[in-house]
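Q: What follows is final.pdb, PDB, C-alpha atoms.
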ATOM      1  CA  MET A   1      23.185   7.413 -15.042  1.00  0.00           C
ATOM      2  CA  SER A   2      25.855   5.721 -17.202  1.00  0.00           C
ATOM      3  CA  GLY A   3      28.129   4.833 -14.308  1.00  0.00           C
ATOM      4  CA  ILE A   4      28.873   8.436 -13.358  1.00  0.00           C
ATOM      5  CA  SER A   5      28.938   8.753  -9.595  1.00  0.00           C
ATOM      6  CA  THR A   6      27.786  12.086  -8.274  1.00  0.00           C
ATOM      7  CA  LEU A   7      26.831  13.217  -4.825  1.00  0.00           C
ATOM      8  CA  ALA A   8      23.159  13.354  -5.858  1.00  0.00           C
ATOM      9  CA  ASN A   9      23.345   9.815  -7.212  1.00  0.00           C
ATOM     10  CA  ASP A  10      24.823   8.583  -3.946  1.00  0.00           C
ATOM     11  CA  TYR A  11      21.884   9.998  -2.040  1.00  0.00           C
ATOM     12  CA  MET A  12      19.557   8.128  -4.400  1.00  0.00           C
ATOM     13  CA  GLN A  13      21.163   4.779  -3.532  1.00  0.00           C
ATOM     14  CA  VAL A  14      19.389   4.544  -0.161  1.00  0.00           C
ATOM     15  CA  ALA A  15      16.003   2.797  -0.261  1.00  0.00           C
ATOM     16  CA  PRO A  16      13.977   3.771   2.827  1.00  0.00           C
ATOM     17  CA  GLU A  17      10.665   2.821   1.195  1.00  0.00           C
ATOM     18  CA  ARG A  18      11.896  -0.750   0.676  1.00  0.00           C
ATOM     19  CA  ASP A  19      12.805  -1.053   4.364  1.00  0.00           C
ATOM     20  CA  ILE A  20       9.457   0.405   5.382  1.00  0.00           C
ATOM     21  CA  ALA A  21       7.550  -1.976   3.089  1.00  0.00           C
ATOM     22  CA  ARG A  22       9.442  -4.972   4.484  1.00  0.00           C
ATOM     23  CA  ASP A  23       8.721  -3.785   8.015  1.00  0.00           C
ATOM     24  CA  LEU A  24       5.039  -3.440   7.086  1.00  0.00           C
ATOM     25  CA  ALA A  25       5.066  -7.002   5.739  1.00  0.00           C
ATOM     26  CA  TRP A  26       6.665  -8.188   8.984  1.00  0.00           C
ATOM     27  CA  ARG A  27       3.980  -6.438  11.032  1.00  0.00           C
ATOM     28  CA  ALA A  28       1.271  -7.883   8.769  1.00  0.00           C
ATOM     29  CA  ALA A  29       2.635 -11.364   9.483  1.00  0.00           C
ATOM     30  CA  TRP A  30       2.246 -10.618  13.203  1.00  0.00           C
ATOM     31  CA  VAL A  31      -1.397  -9.522  12.956  1.00  0.00           C
ATOM     32  CA  ALA A  32      -2.405 -12.099  10.328  1.00  0.00           C
ATOM     33  CA  PRO A  33      -3.333 -14.908  12.784  1.00  0.00           C
ATOM     34  CA  ALA A  34      -5.700 -12.611  14.687  1.00  0.00           C
ATOM     35  CA  PHE A  35      -7.493 -11.591  11.500  1.00  0.00           C
ATOM     36  CA  VAL A  36      -7.709 -15.178  10.261  1.00  0.00           C
ATOM     37  CA  VAL A  37      -9.200 -16.279  13.589  1.00  0.00           C
ATOM     38  CA  ILE A  38     -11.791 -13.495  13.351  1.00  0.00           C
ATOM     39  CA  GLY A  39     -12.554 -14.661   9.795  1.00  0.00           C
ATOM     40  CA  VAL A  40     -13.049 -18.243  10.973  1.00  0.00           C
ATOM     41  CA  ILE A  41     -15.290 -17.194  13.845  1.00  0.00           C
ATOM     42  CA  GLY A  42     -17.429 -14.917  11.704  1.00  0.00           C
ATOM     43  CA  TRP A  43     -17.624 -16.661   8.349  1.00  0.00           C
ATOM     44  CA  GLY A  44     -16.015 -20.080   8.714  1.00  0.00           C
ATOM     45  CA  VAL A  45     -13.282 -21.439   6.466  1.00  0.00           C
ATOM     46  CA  ALA A  46     -14.406 -19.241   3.563  1.00  0.00           C
ATOM     47  CA  GLY A  47     -13.957 -16.190   5.775  1.00  0.00           C
ATOM     48  CA  ALA A  48     -10.471 -17.288   6.790  1.00  0.00           C
ATOM     49  CA  ALA A  49      -9.469 -17.801   3.160  1.00  0.00           C
ATOM     50  CA  SER A  50     -10.873 -14.400   2.190  1.00  0.00           C
ATOM     51  CA  VAL A  51      -9.060 -12.672   5.055  1.00  0.00           C
ATOM     52  CA  ALA A  52      -5.786 -14.405   4.167  1.00  0.00           C
ATOM     53  CA  ILE A  53      -6.082 -13.317   0.525  1.00  0.00           C
ATOM     54  CA  ALA A  54      -6.834  -9.729   1.592  1.00  0.00           C
ATOM     55  CA  LEU A  55      -3.754  -9.690   3.842  1.00  0.00           C
ATOM     56  CA  MET A  56      -1.572 -11.061   1.036  1.00  0.00           C
ATOM     57  CA  LEU A  57      -2.897  -8.406  -1.349  1.00  0.00           C
ATOM     58  CA  VAL A  58      -2.193  -5.605   1.135  1.00  0.00           C
ATOM     59  CA  VAL A  59       1.379  -6.808   1.695  1.00  0.00           C
ATOM     60  CA  ALA A  60       1.974  -7.348  -2.030  1.00  0.00           C
ATOM     61  CA  ASN A  61       0.612  -3.872  -2.728  1.00  0.00           C
ATOM     62  CA  PHE A  62       3.084  -2.294  -0.279  1.00  0.00           C
ATOM     63  CA  LEU A  63       6.043  -4.334  -1.544  1.00  0.00           C
ATOM     64  CA  ILE A  64       5.305  -3.706  -5.222  1.00  0.00           C
ATOM     65  CA  GLY A  65       4.744   0.010  -4.598  1.00  0.00           C
ATOM     66  CA  ALA A  66       8.088   0.267  -2.809  1.00  0.00           C
ATOM     67  CA  ALA A  67       9.888  -1.771  -5.477  1.00  0.00           C
ATOM     68  CA  ILE A  68       8.531   0.521  -8.199  1.00  0.00           C
ATOM     69  CA  ILE A  69       9.847   3.610  -6.376  1.00  0.00           C
ATOM     70  CA  THR A  70      13.242   2.027  -5.639  1.00  0.00           C
ATOM     71  CA  ARG A  71      13.737   0.991  -9.271  1.00  0.00           C
ATOM     72  CA  ALA A  72      12.427   4.185 -10.843  1.00  0.00           C
ATOM     73  CA  VAL A  73      14.366   6.611  -8.664  1.00  0.00           C
ATOM     74  CA  ARG A  74      17.637   5.052  -9.867  1.00  0.00           C
ATOM     75  CA  ILE A  75      16.686   5.917 -13.441  1.00  0.00           C
ATOM     76  CA  SER A  76      15.587   9.528 -12.991  1.00  0.00           C
ATOM     77  CA  LEU A  77      13.162  11.723 -11.115  1.00  0.00           C
ATOM     78  CA  ASN A  78      10.957  11.967 -14.203  1.00  0.00           C
ATOM     79  CA  ALA A  79      10.846   8.194 -14.380  1.00  0.00           C
ATOM     80  CA  LEU A  80       9.826   8.175 -10.722  1.00  0.00           C
ATOM     81  CA  TYR A  81       6.819  10.383 -11.445  1.00  0.00           C
ATOM     82  CA  GLY A  82       5.670   8.244 -14.346  1.00  0.00           C
ATOM     83  CA  ALA A  83       6.327   4.953 -12.605  1.00  0.00           C
ATOM     84  CA  VAL A  84       4.439   5.903  -9.443  1.00  0.00           C
ATOM     85  CA  LEU A  85       1.365   7.161 -11.307  1.00  0.00           C
ATOM     86  CA  PHE A  86       1.232   4.300 -13.812  1.00  0.00           C
ATOM     87  CA  GLY A  87       2.066   1.879 -11.017  1.00  0.00           C
ATOM     88  CA  TYR A  88      -0.934   3.193  -9.067  1.00  0.00           C
ATOM     89  CA  LEU A  89      -3.178   2.759 -12.086  1.00  0.00           C
ATOM     90  CA  ILE A  90      -1.943  -0.755 -12.842  1.00  0.00           C
ATOM     91  CA  ARG A  91      -2.102  -1.879  -9.214  1.00  0.00           C
ATOM     92  CA  LEU A  92      -5.716  -0.697  -8.910  1.00  0.00           C
ATOM     93  CA  GLY A  93      -6.561  -2.452 -12.170  1.00  0.00           C
ATOM     94  CA  VAL A  94      -4.962  -5.691 -11.024  1.00  0.00           C
ATOM     95  CA  LEU A  95      -6.780  -5.431  -7.690  1.00  0.00           C
ATOM     96  CA  ALA A  96     -10.113  -5.007  -9.506  1.00  0.00           C
ATOM     97  CA  ALA A  97      -9.364  -7.950 -11.797  1.00  0.00           C
ATOM     98  CA  ILE A  98      -8.482 -10.155  -8.819  1.00  0.00           C
ATOM     99  CA  ALA A  99     -11.693  -9.089  -7.068  1.00  0.00           C
ATOM    100  CA  VAL A 100     -13.837  -9.958 -10.099  1.00  0.00           C
ATOM    101  CA  VAL A 101     -12.131 -13.357 -10.477  1.00  0.00           C
ATOM    102  CA  LEU A 102     -12.477 -14.135  -6.762  1.00  0.00           C
ATOM    103  CA  LYS A 103     -16.120 -13.065  -6.625  1.00  0.00           C
ATOM    104  CA  GLY A 104     -17.001 -15.352  -9.495  1.00  0.00           C
ATOM    105  CA  SER A 105     -14.889 -18.263  -8.326  1.00  0.00           C
ATOM    106  CA  GLY A 106     -17.353 -19.897  -5.954  1.00  0.00           C
ATOM    107  CA  ASP A 107     -18.634 -20.204  -2.421  1.00  0.00           C
ATOM    108  CA  TRP A 108     -15.232 -20.239  -0.744  1.00  0.00           C
ATOM    109  CA  PHE A 109     -14.886 -16.463  -1.104  1.00  0.00           C
ATOM    110  CA  VAL A 110     -16.785 -14.000   1.127  1.00  0.00           C
ATOM    111  CA  ALA A 111     -16.682 -10.358   0.103  1.00  0.00           C
ATOM    112  CA  VAL A 112     -17.369  -8.687   3.465  1.00  0.00           C
ATOM    113  CA  PRO A 113     -14.383 -10.028   5.484  1.00  0.00           C
ATOM    114  CA  PHE A 114     -12.180  -9.573   2.424  1.00  0.00           C
ATOM    115  CA  ALA A 115     -13.153  -5.913   2.014  1.00  0.00           C
ATOM    116  CA  VAL A 116     -13.020  -5.081   5.710  1.00  0.00           C
ATOM    117  CA  THR A 117      -9.625  -6.757   6.165  1.00  0.00           C
ATOM    118  CA  LEU A 118      -8.219  -4.987   3.121  1.00  0.00           C
ATOM    119  CA  LEU A 119      -9.195  -1.563   4.386  1.00  0.00           C
ATOM    120  CA  VAL A 120      -8.485  -2.075   8.079  1.00  0.00           C
ATOM    121  CA  THR A 121      -5.067  -3.702   7.622  1.00  0.00           C
ATOM    122  CA  HIS A 122      -3.958  -1.175   5.012  1.00  0.00           C
ATOM    123  CA  LEU A 123      -4.782   1.791   7.237  1.00  0.00           C
ATOM    124  CA  GLY A 124      -3.949   0.081  10.519  1.00  0.00           C
ATOM    125  CA  LEU A 125      -0.518  -1.083   9.394  1.00  0.00           C
ATOM    126  CA  LEU A 126       0.290   2.377   8.047  1.00  0.00           C
ATOM    127  CA  VAL A 127      -0.720   4.098  11.277  1.00  0.00           C
ATOM    128  CA  TRP A 128       1.272   1.519  13.259  1.00  0.00           C
ATOM    129  CA  GLU A 129       4.277   2.020  10.983  1.00  0.00           C
ATOM    130  CA  THR A 130       4.284   5.804  11.391  1.00  0.00           C
ATOM    131  CA  ARG A 131       5.161   5.260  15.048  1.00  0.00           C
ATOM    132  CA  HIS A 132       8.390   3.564  13.979  1.00  0.00           C
ATOM    133  CA  ILE A 133       9.490   5.975  11.270  1.00  0.00           C
ATOM    134  CA  SER A 134      12.305   8.439  11.687  1.00  0.00           C
ATOM    135  CA  VAL A 135      12.281  11.244   9.156  1.00  0.00           C
ATOM    136  CA  SER A 136      15.724  12.692   9.799  1.00  0.00           C
ATOM    137  CA  LEU A 137      18.865  13.159   7.723  1.00  0.00           C
ATOM    138  CA  ALA A 138      20.720  10.580   9.809  1.00  0.00           C
ATOM    139  CA  PHE A 139      17.956   7.962   9.701  1.00  0.00           C
ATOM    140  CA  PRO A 140      15.681   8.681   6.732  1.00  0.00           C
ATOM    141  CA  GLY A 141      13.562   5.553   7.066  1.00  0.00           C
ATOM    142  CA  LEU A 142      12.947   3.219   9.944  1.00  0.00           C
ATOM    143  CA  ALA A 143      13.791   4.590  13.358  1.00  0.00           C
ATOM    144  CA  PRO A 144      16.929   3.033  14.839  1.00  0.00           C
ATOM    145  CA  GLU A 145      16.652   0.685  17.777  1.00  0.00           C
ATOM    146  CA  PRO A 146      17.000   2.626  21.033  1.00  0.00           C
ATOM    147  CA  VAL A 147      20.463   2.271  22.547  1.00  0.00           C
ATOM    148  CA  GLN A 148      20.354   0.734  25.987  1.00  0.00           C
ATOM    149  CA  GLN A 149      21.933   3.012  28.563  1.00  0.00           C
ATOM    150  CA  VAL A 150      24.625   1.239  30.563  1.00  0.00           C
ATOM    151  CA  THR A 151      25.559   2.639  33.948  1.00  0.00           C
ATOM    152  CA  PRO A 152      29.258   2.603  34.965  1.00  0.00           C
ATOM    153  CA  GLU A 153      28.462  -0.092  37.572  1.00  0.00           C
ATOM    154  CA  GLU A 154      26.854  -2.366  34.978  1.00  0.00           C
ATOM    155  CA  ASN A 155      29.741  -1.747  32.622  1.00  0.00           C
ATOM    156  CA  HIS A 156      32.207  -2.642  35.405  1.00  0.00           C
ATOM    157  CA  ALA A 157      30.242  -5.814  36.199  1.00  0.00           C
ATOM    158  CA  LYS A 158      30.586  -6.926  32.577  1.00  0.00           C
TER
ATOM    159  CA  MET D   1     -33.662  -2.240 -28.357  1.00  0.00           C
ATOM    160  CA  LEU D   2     -36.737  -1.685 -26.222  1.00  0.00           C
ATOM    161  CA  ASN D   3     -37.970  -5.140 -27.146  1.00  0.00           C
ATOM    162  CA  VAL D   4     -34.689  -6.642 -25.984  1.00  0.00           C
ATOM    163  CA  LEU D   5     -34.878  -4.713 -22.747  1.00  0.00           C
ATOM    164  CA  ALA D   6     -38.467  -5.776 -22.222  1.00  0.00           C
ATOM    165  CA  GLN D   7     -37.526  -9.408 -22.747  1.00  0.00           C
ATOM    166  CA  THR D   8     -34.704  -9.210 -20.229  1.00  0.00           C
ATOM    167  CA  ALA D   9     -35.668 -10.399 -16.809  1.00  0.00           C
ATOM    168  CA  ALA D  10     -35.897  -7.616 -14.257  1.00  0.00           C
ATOM    169  CA  GLY D  11     -33.399  -9.373 -12.000  1.00  0.00           C
ATOM    170  CA  GLU D  12     -30.748  -9.541 -14.712  1.00  0.00           C
ATOM    171  CA  MET D  13     -31.276  -5.873 -15.462  1.00  0.00           C
ATOM    172  CA  VAL D  14     -30.712  -4.946 -11.832  1.00  0.00           C
ATOM    173  CA  GLU D  15     -27.583  -7.109 -11.678  1.00  0.00           C
ATOM    174  CA  GLY D  16     -26.211  -5.486 -14.799  1.00  0.00           C
ATOM    175  CA  LEU D  17     -26.917  -1.984 -13.532  1.00  0.00           C
ATOM    176  CA  LYS D  18     -25.264  -2.898 -10.226  1.00  0.00           C
ATOM    177  CA  ALA D  19     -22.132  -4.023 -12.063  1.00  0.00           C
ATOM    178  CA  ILE D  20     -22.048  -0.827 -14.126  1.00  0.00           C
ATOM    179  CA  GLY D  21     -22.554   1.267 -10.992  1.00  0.00           C
ATOM    180  CA  ALA D  22     -19.821  -0.594  -9.135  1.00  0.00           C
ATOM    181  CA  GLY D  23     -17.352  -0.088 -11.970  1.00  0.00           C
ATOM    182  CA  LEU D  24     -18.233   3.578 -12.365  1.00  0.00           C
ATOM    183  CA  GLY D  25     -17.983   4.148  -8.629  1.00  0.00           C
ATOM    184  CA  TYR D  26     -14.556   2.543  -8.443  1.00  0.00           C
ATOM    185  CA  GLY D  27     -13.321   4.555 -11.392  1.00  0.00           C
ATOM    186  CA  LEU D  28     -14.598   7.812  -9.933  1.00  0.00           C
ATOM    187  CA  ALA D  29     -13.185   6.971  -6.505  1.00  0.00           C
ATOM    188  CA  ALA D  30      -9.746   6.449  -8.058  1.00  0.00           C
ATOM    189  CA  ILE D  31      -9.606   9.943  -9.606  1.00  0.00           C
ATOM    190  CA  GLY D  32      -9.178  11.853  -6.335  1.00  0.00           C
ATOM    191  CA  PRO D  33      -6.340   9.694  -4.975  1.00  0.00           C
ATOM    192  CA  GLY D  34      -4.713   9.855  -8.413  1.00  0.00           C
ATOM    193  CA  ILE D  35      -4.609  13.641  -8.184  1.00  0.00           C
ATOM    194  CA  GLY D  36      -3.411  13.382  -4.582  1.00  0.00           C
ATOM    195  CA  ILE D  37      -0.607  10.977  -5.450  1.00  0.00           C
ATOM    196  CA  GLY D  38       0.437  13.249  -8.299  1.00  0.00           C
ATOM    197  CA  THR D  39       0.687  16.159  -5.867  1.00  0.00           C
ATOM    198  CA  VAL D  40       2.610  14.101  -3.304  1.00  0.00           C
ATOM    199  CA  VAL D  41       5.116  12.756  -5.830  1.00  0.00           C
ATOM    200  CA  GLY D  42       5.482  16.122  -7.570  1.00  0.00           C
ATOM    201  CA  ASN D  43       6.368  17.862  -4.339  1.00  0.00           C
ATOM    202  CA  ALA D  44       8.695  15.050  -3.276  1.00  0.00           C
ATOM    203  CA  ILE D  45      10.528  15.264  -6.605  1.00  0.00           C
ATOM    204  CA  SER D  46      10.776  19.018  -6.179  1.00  0.00           C
ATOM    205  CA  ALA D  47      12.303  18.518  -2.725  1.00  0.00           C
ATOM    206  CA  MET D  48      14.758  15.880  -3.988  1.00  0.00           C
ATOM    207  CA  ALA D  49      15.851  18.081  -6.880  1.00  0.00           C
ATOM    208  CA  ARG D  50      16.406  21.103  -4.637  1.00  0.00           C
ATOM    209  CA  GLN D  51      18.093  19.229  -1.800  1.00  0.00           C
ATOM    210  CA  PRO D  52      19.509  15.853  -2.863  1.00  0.00           C
ATOM    211  CA  GLU D  53      20.884  15.197   0.625  1.00  0.00           C
ATOM    212  CA  SER D  54      17.318  15.070   1.960  1.00  0.00           C
ATOM    213  CA  ALA D  55      16.219  12.557  -0.694  1.00  0.00           C
ATOM    214  CA  GLY D  56      15.847   9.801   1.903  1.00  0.00           C
ATOM    215  CA  MET D  57      13.520  11.913   4.018  1.00  0.00           C
ATOM    216  CA  ALA D  58      11.516  12.978   0.987  1.00  0.00           C
ATOM    217  CA  ARG D  59      11.167   9.384  -0.203  1.00  0.00           C
ATOM    218  CA  THR D  60      10.056   8.162   3.216  1.00  0.00           C
ATOM    219  CA  THR D  61       7.409  10.862   3.437  1.00  0.00           C
ATOM    220  CA  MET D  62       6.428  10.277  -0.184  1.00  0.00           C
ATOM    221  CA  PHE D  63       5.966   6.527   0.285  1.00  0.00           C
ATOM    222  CA  LEU D  64       3.795   6.996   3.357  1.00  0.00           C
ATOM    223  CA  GLY D  65       1.867   9.792   1.642  1.00  0.00           C
ATOM    224  CA  ILE D  66       1.184   7.597  -1.370  1.00  0.00           C
ATOM    225  CA  ALA D  67       0.069   4.715   0.844  1.00  0.00           C
ATOM    226  CA  PHE D  68      -2.285   6.909   2.886  1.00  0.00           C
ATOM    227  CA  THR D  69      -3.727   8.476  -0.263  1.00  0.00           C
ATOM    228  CA  GLU D  70      -4.221   5.036  -1.756  1.00  0.00           C
ATOM    229  CA  ALA D  71      -6.462   4.161   1.179  1.00  0.00           C
ATOM    230  CA  LEU D  72      -9.076   6.491  -0.346  1.00  0.00           C
ATOM    231  CA  ALA D  73      -9.029   4.453  -3.539  1.00  0.00           C
ATOM    232  CA  LEU D  74      -9.328   1.297  -1.438  1.00  0.00           C
ATOM    233  CA  ILE D  75     -12.555   2.656   0.048  1.00  0.00           C
ATOM    234  CA  GLY D  76     -13.853   2.856  -3.518  1.00  0.00           C
ATOM    235  CA  PHE D  77     -12.578  -0.659  -4.090  1.00  0.00           C
ATOM    236  CA  VAL D  78     -14.440  -1.915  -1.034  1.00  0.00           C
ATOM    237  CA  VAL D  79     -17.687  -0.392  -2.327  1.00  0.00           C
ATOM    238  CA  PHE D  80     -16.936  -1.927  -5.736  1.00  0.00           C
ATOM    239  CA  ILE D  81     -16.463  -5.442  -4.406  1.00  0.00           C
ATOM    240  CA  LEU D  82     -19.528  -5.224  -2.159  1.00  0.00           C
ATOM    241  CA  LEU D  83     -21.744  -3.988  -4.997  1.00  0.00           C
ATOM    242  CA  LEU D  84     -20.373  -6.441  -7.548  1.00  0.00           C
ATOM    243  CA  PRO D  85     -23.052  -9.071  -8.289  1.00  0.00           C
TER
END
Show how you would write the structure in this file as structure tokens.
A:
Amino acid sequence: MSGISTLANDYMQVAPERDIARDLAWRAAWVAPAFVVIGVIGWGVAGAASVAIALMLVVANFLIGAAIITRAVRISLNALYGAVLFGYLIRLGVLAAIAVVLKGSGDWFVAVPFAVTLLVTHLGLLVWETRHISVSLAFPGLAPEPVQQVTPEENHAK
Amino acid sequence: MLNVLAQTAAGEMVEGLKAIGAGLGYGLAAIGPGIGIGTVVGNAISAMARQPESAGMARTTMFLGIAFTEALALIGFVVFILLLP
């Protein structure tokens, strides 16, 4: 953009996807203990380790995806298209490589809790996040915190 | 070639075919979401180019759309990792 500030460029400076990805990571941290406990109960320590790795991969996937969009959109819209599609390809490839390495690494990895956690947390976190998204011109990302209504009496008491 | 195949233990053959099937399945499962993500991003770019002031909205919707579409590829990934010997 060579330092030229235009109205369109200013609109591109917001990064709602980054905020959403961070919020998703925060929510994943909240649900992580429950999933790890389920992993321990079902498959022992190996299950817990597998579940933890799956959760980390889901969060990393969201954060990297958002970072790619945030970076690329500042370059150009064409760059955004290319970056998102190649980013998708590379992320899937990396995920497959990690899976192959983990599967061959020994007895401490269990595929079933890993796979189930990956799918359930990815979809579950997204569905949960959609409840906290505000797609409006004023708030084009996360919904703002609701303002607490203060009655005149409460205001007077303060 | 046939001699080599005949000498290979049946178990190894099955494992190898499983690995090939898992890889093929994952690759095929990634095609649909790839097309879907292309559509999502293309339309979002169109919206941002037409109305730059709504870029934030378009990007929010685009990010969620990409993530939901990616879930389809993750289903393929799950099958891949479960089939992988």
Q: Return the neighbours of chain A among the residues of chain D, cut-off 10 Å, counting only C-alpha atoms, as an MDAnalysis selection string.
A: chainID D and resid 23 26:27 30:31 33:35 37:38 40:42 44:46 48:49 51:68 70:75 77:85
Q: Once 3 Å is added on each side, what are the centre and the three edge lengths, in Å to one decimal, of the axis-aligned box enclosing the listed atoms of segment 37-49 of chain D? Present them as JSON.
A:
{"center_x": 7.6, "center_y": 15.0, "center_z": -5.5, "size_x": 22.5, "size_y": 14.0, "size_z": 11.6}
Q: Anything within 12 Å of (-4.3, -13.2, 4.8): list those residues as a JSON list (two decimals) with C-alpha atoms, in the frame of the given file, counting only C-alpha atoms and sticking to the file's coordinates.
A:
[["chain", "number", "residue", "atom", "x", "y", "z"],
["A", 25, "ALA", "CA", 5.07, -7.00, 5.74],
["A", 28, "ALA", "CA", 1.27, -7.88, 8.77],
["A", 29, "ALA", "CA", 2.64, -11.36, 9.48],
["A", 30, "TRP", "CA", 2.25, -10.62, 13.20],
["A", 31, "VAL", "CA", -1.40, -9.52, 12.96],
["A", 32, "ALA", "CA", -2.40, -12.10, 10.33],
["A", 33, "PRO", "CA", -3.33, -14.91, 12.78],
["A", 34, "ALA", "CA", -5.70, -12.61, 14.69],
["A", 35, "PHE", "CA", -7.49, -11.59, 11.50],
["A", 36, "VAL", "CA", -7.71, -15.18, 10.26],
["A", 37, "VAL", "CA", -9.20, -16.28, 13.59],
["A", 38, "ILE", "CA", -11.79, -13.50, 13.35],
["A", 39, "GLY", "CA", -12.55, -14.66, 9.80],
["A", 40, "VAL", "CA", -13.05, -18.24, 10.97],
["A", 46, "ALA", "CA", -14.41, -19.24, 3.56],
["A", 47, "GLY", "CA", -13.96, -16.19, 5.78],
["A", 48, "ALA", "CA", -10.47, -17.29, 6.79],
["A", 49, "ALA", "CA", -9.47, -17.80, 3.16],
["A", 50, "SER", "CA", -10.87, -14.40, 2.19],
["A", 51, "VAL", "CA", -9.06, -12.67, 5.06],
["A", 52, "ALA", "CA", -5.79, -14.40, 4.17],
["A", 53, "ILE", "CA", -6.08, -13.32, 0.52],
["A", 54, "ALA", "CA", -6.83, -9.73, 1.59],
["A", 55, "LEU", "CA", -3.75, -9.69, 3.84],
["A", 56, "MET", "CA", -1.57, -11.06, 1.04],
["A", 57, "LEU", "CA", -2.90, -8.41, -1.35],
["A", 58, "VAL", "CA", -2.19, -5.60, 1.14],
["A", 59, "VAL", "CA", 1.38, -6.81, 1.70],
["A", 60, "ALA", "CA", 1.97, -7.35, -2.03],
["A", 113, "PRO", "CA", -14.38, -10.03, 5.48],
["A", 114, "PHE", "CA", -12.18, -9.57, 2.42],
["A", 115, "ALA", "CA", -13.15, -5.91, 2.01],
["A", 116, "VAL", "CA", -13.02, -5.08, 5.71],
["A", 117, "THR", "CA", -9.62, -6.76, 6.16],
["A", 118, "LEU", "CA", -8.22, -4.99, 3.12],
["A", 121, "THR", "CA", -5.07, -3.70, 7.62]]
Q: In Å, with one decimal, what is the gap from atom CA of Trp128 of chain A to atom CA of Gly36 of chain D?
A: 21.9 Å
Q: Take atom CA of Trp43 of chain A and atom CA of Leu24 of chain D and report the distance between them in Å, one decimal.
A: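 Atom CA of Leu24 of chain D lies 29.0 Å from atom CA of Trp43 of chain A.
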Q: Interatomic distance between atom CA of Gly87 of chain A and atom CA of Ala67 of chain A?
A: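 One can read the atom CA of Gly87 of chain A to atom CA of Ala67 of chain A distance as 10.3 Å.
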Q: Could I get segment 54-67 of chain D from the block written as a CSV table (one decimal), in the first residue's frame, with N, CA and C atoms?
A:
chain,number,residue,atom,x,y,z
D,54,SER,N,-17.9,-2.2,4.9
D,54,SER,CA,-18.4,-3.4,5.5
D,54,SER,C,-17.4,-4.5,5.5
D,55,ALA,N,-16.1,-4.1,5.4
D,55,ALA,CA,-15.0,-5.1,5.3
D,55,ALA,C,-15.0,-5.9,6.6
D,56,GLY,N,-15.2,-5.3,7.7
D,56,GLY,CA,-15.1,-6.0,9.0
D,56,GLY,C,-16.2,-7.1,9.1
D,57,MET,N,-17.4,-6.7,8.7
D,57,MET,CA,-18.5,-7.7,8.7
D,57,MET,C,-18.2,-8.9,7.7
D,58,ALA,N,-17.7,-8.5,6.6
D,58,ALA,CA,-17.4,-9.6,5.6
D,58,ALA,C,-16.3,-10.5,6.1
D,59,ARG,N,-15.3,-9.9,6.8
D,59,ARG,CA,-14.2,-10.7,7.3
D,59,ARG,C,-14.6,-11.6,8.4
D,60,THR,N,-15.5,-11.1,9.2
D,60,THR,CA,-16.0,-11.9,10.3
D,60,THR,C,-16.8,-13.1,9.8
D,61,THR,N,-17.7,-12.9,8.8
D,61,THR,CA,-18.5,-13.9,8.2
D,61,THR,C,-17.5,-14.9,7.5
D,62,MET,N,-16.5,-14.3,6.8
D,62,MET,CA,-15.6,-15.2,6.0
D,62,MET,C,-14.8,-16.1,6.9
D,63,PHE,N,-14.3,-15.6,8.0
D,63,PHE,CA,-13.5,-16.4,8.9
D,63,PHE,C,-14.4,-17.6,9.5
D,64,LEU,N,-15.6,-17.2,9.9
D,64,LEU,CA,-16.5,-18.3,10.4
D,64,LEU,C,-16.8,-19.3,9.3
D,65,GLY,N,-17.1,-18.8,8.1
D,65,GLY,CA,-17.4,-19.6,7.0
D,65,GLY,C,-16.3,-20.6,6.7
D,66,ILE,N,-15.1,-20.0,6.7
D,66,ILE,CA,-13.9,-20.9,6.4
D,66,ILE,C,-13.8,-22.0,7.5
D,67,ALA,N,-13.9,-21.6,8.7
D,67,ALA,CA,-13.8,-22.5,9.8
D,67,ALA,C,-14.8,-23.6,9.8
